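K.L.:
Please find one structure pasted underneath; my questions will follow.
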Amino acid sequence: MSDPATPGGGGGGWGPPATPPGSGPRTCGIGCNINVHDGGGLVVRGVIAGGPAAFSCDIAIGDILLAVDNVNVTHDTPDDVARRISGPEGVPISVTVRMRRTLRGGAPLIENTVHLLRQPTIPFPAALAAQPTGLGLNLHRIDSGPQTGLLQVRDLQKGGAAALSGKLRIGDVISEIDGKEVRTMGAGVDLASLLVGAPFSRVSLVVESNGNSREVHMVRSPVLMGEFPMRHNSYKNALAHAIIQPAPPGVAATPPRQGSLQSQTGRGGAAQTPGAGRQQQQGRVDLSNLDRRFEQAMAG
């Protein structure tokens with residue numbers, strides 16, 4: 001499915017055009033393109049920089065769409081999914097995707113449910129969105145002690161994927177990148193280059209911290225600069241106060257499956273359950289105040 005240039009980037013290629021001003025909440029989507037892949041399922045073909053999917057740092061090109069708001073969509077057409085995803089601006093939505101796990105051992109495919117907020121895509125420089133990118137990390141190779149040869153996170157670049165997602169912290173130690181053991185690679189190997197790839201592709205890491213080891217699955221994304229970090233923070237703040245919608249009456253929710261991030265425990269850590277404790281009621285977030293606060297901050 002192509003991504004037509006809808007006003008404001010609202011639908012990300014999905015659903016009707018944005019609602020005309022003054023006629024109620026704008027209709028928009030989550031800022032990514034879905035089409036049918038060779039196996040017959042629905043696959044993410046593109047993620048639009050500046051949209052909700054990009055801001056989530058959790059949806060990558062190649063992910064397989066399984067459910068929308070806990071409703072199974074594996075037998076839907078792209079047009080069916082478009083109707084499910086398009087909705088009023090500020091209304092939260094959840095999408096469940098199956099992604100490829102590239103670490104040694106364990107299941108090759110895992111599932112993850114991502115909570116998003118429908119809003120128009122913020123225009124992003126096309127040239128920046130097309131360049132190879134990494135995670136926004138400053139890494140140091142440890143040269144002494146029991147972790148010799150591993151990579152330690154020295155700093156997080158503001159606006160980079162690691163800082164925006166909150167999945168990595170300064171002091172974390174990376175021992176595996178996409179199934180490659182860091183310790184066994186020679187000193188002449190540019191390990192940082194393993195983290196660089198196409199925008200909105202995924203990289204999987206094994207990370208050690210405080211004596212525990214955990215898996216981290218991250219999406220490479222362009223570094224946000226200028227006004228975009230504040231836009232991202234406004235979006236995240238609105239999402240944090242959103243109320244997730246329940247599955248429609250009479251429709252069974254899609255339970256977490258074996259190998260999903262919802263049921264998976266970290267290596268030596270506790271169960272990781274994104275969005276745990278969210279109230280399951282219908283709701284909408286008014287984004288107008290956030291936009292006004294952003295404009296005032298930029299003017300000041």
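Naming scheme: A, B, ... for chains in displayed order of the structure tokens; residues 1 onward per chain; ligands 1 onward as shown.
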Considering only C-alpha atoms, return as a PyMOL selection string whatever protein or nucleic-acid residues lie within 9 Å of Ala192 of chain A, sequence-local ones (same chain, fewer than 2 positions apart) excluded.
P.N.:
chain A and resi 134+137-139+189-190+194-196
K.L.:
Nearest to Arg26 of chain A: which of A:Ser221, A:Ser86, A:Ser213, A:Ser201 is it, counting only C-alpha atoms?
P.N.:
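Going through A:Ser221, A:Ser86, A:Ser213, A:Ser201 one by one, the smallest distance to Arg26 of chain A is for A:Ser86.
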K.L.:
Counting only C-alpha atoms, which of A:Thr102, A:Ser234, A:Thr121, A:Gln147 gets nearest to Gly211 of chain A?
P.N.:
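When distances to Gly211 of chain A are compared using only C-alpha atoms, the smallest one comes from A:Gln147.
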K.L.:
Can you pull out every residue within 10 Å of Ala187 of chain A, counting only C-alpha atoms, but drop anything in the same chain fewer than 4 positions away, and send it as a list in words?
P.N.:
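Near neighbours after the sequence-gap exclusion: Arg141, Gly149, Arg183 and Leu191 of chain A.
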K.L.:
List the spatial neighbours of Leu151 of chain A as a PyMOL selection string - criterion: any atom at most 8 Å away, only C-alpha atoms, same-chain residues fewer than 5 positions off excluded.
P.N.:
chain A and resi 139-142+173-175+182
K.L.:
For the residues in that selection, give me N, CA, C and O atoms as a compact mmCIF listing (two decimals), in the first residue's frame.
P.N.:
```txt
# COMPACT_ATOMS: atom_id res chain seq x y z
N LEU A 139 30.36 4.27 22.83
CA LEU A 139 30.77 2.99 23.41
C LEU A 139 32.27 2.95 23.69
O LEU A 139 33.06 3.58 22.99
N HIS A 140 32.62 2.17 24.71
CA HIS A 140 34.02 1.97 25.08
C HIS A 140 34.25 0.48 25.28
O HIS A 140 33.46 -0.20 25.94
N ARG A 141 35.34 -0.04 24.69
CA ARG A 141 35.65 -1.46 24.86
C ARG A 141 36.43 -1.65 26.16
O ARG A 141 37.48 -1.04 26.37
N ILE A 142 35.90 -2.49 27.03
CA ILE A 142 36.51 -2.72 28.35
C ILE A 142 37.79 -3.50 28.18
O ILE A 142 37.84 -4.51 27.46
N VAL A 173 26.47 -2.83 29.75
CA VAL A 173 27.53 -3.52 29.02
C VAL A 173 26.89 -4.44 27.97
O VAL A 173 26.02 -5.25 28.30
N ILE A 174 27.32 -4.29 26.73
CA ILE A 174 26.77 -5.08 25.62
C ILE A 174 27.68 -6.27 25.34
O ILE A 174 28.88 -6.09 25.09
N SER A 175 27.11 -7.47 25.39
CA SER A 175 27.92 -8.68 25.19
C SER A 175 27.58 -9.40 23.88
O SER A 175 28.35 -10.27 23.45
N VAL A 182 30.43 -10.26 21.27
CA VAL A 182 31.36 -9.14 21.22
C VAL A 182 32.76 -9.55 21.64
O VAL A 182 33.76 -9.16 21.04
```
K.L.:
Can you list, as a PyMOL selection string, all residues belonging to segment 65-277 of chain A that DSSP tags as alpha helix (DSSP H)?
P.N.:
chain A and resi 78-85+126-130+161-165+228-240
K.L.:
May I ask which of the residues A:Val36, A:Val43, A:Leu239, A:Ala49 is the closest one to Pro123 of chain A, counting only C-alpha atoms?
P.N.:
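Ranked by minimum distance to Pro123 of chain A, first place goes to A:Ala49.
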K.L.:
Using only C-alpha atoms, which of A:Pro229, A:Gly46, A:Pro120, A:Gly29 sits nearest Ala60 of chain A?
P.N.:
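So, comparing all the options, the nearest one is A:Gly46.
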K.L.:
Figure out the distance between atom CA of Ala161 of chain A and atom CA of Leu135 of chain A, please, to one decimal in Å.
P.N.:
4.8 Å
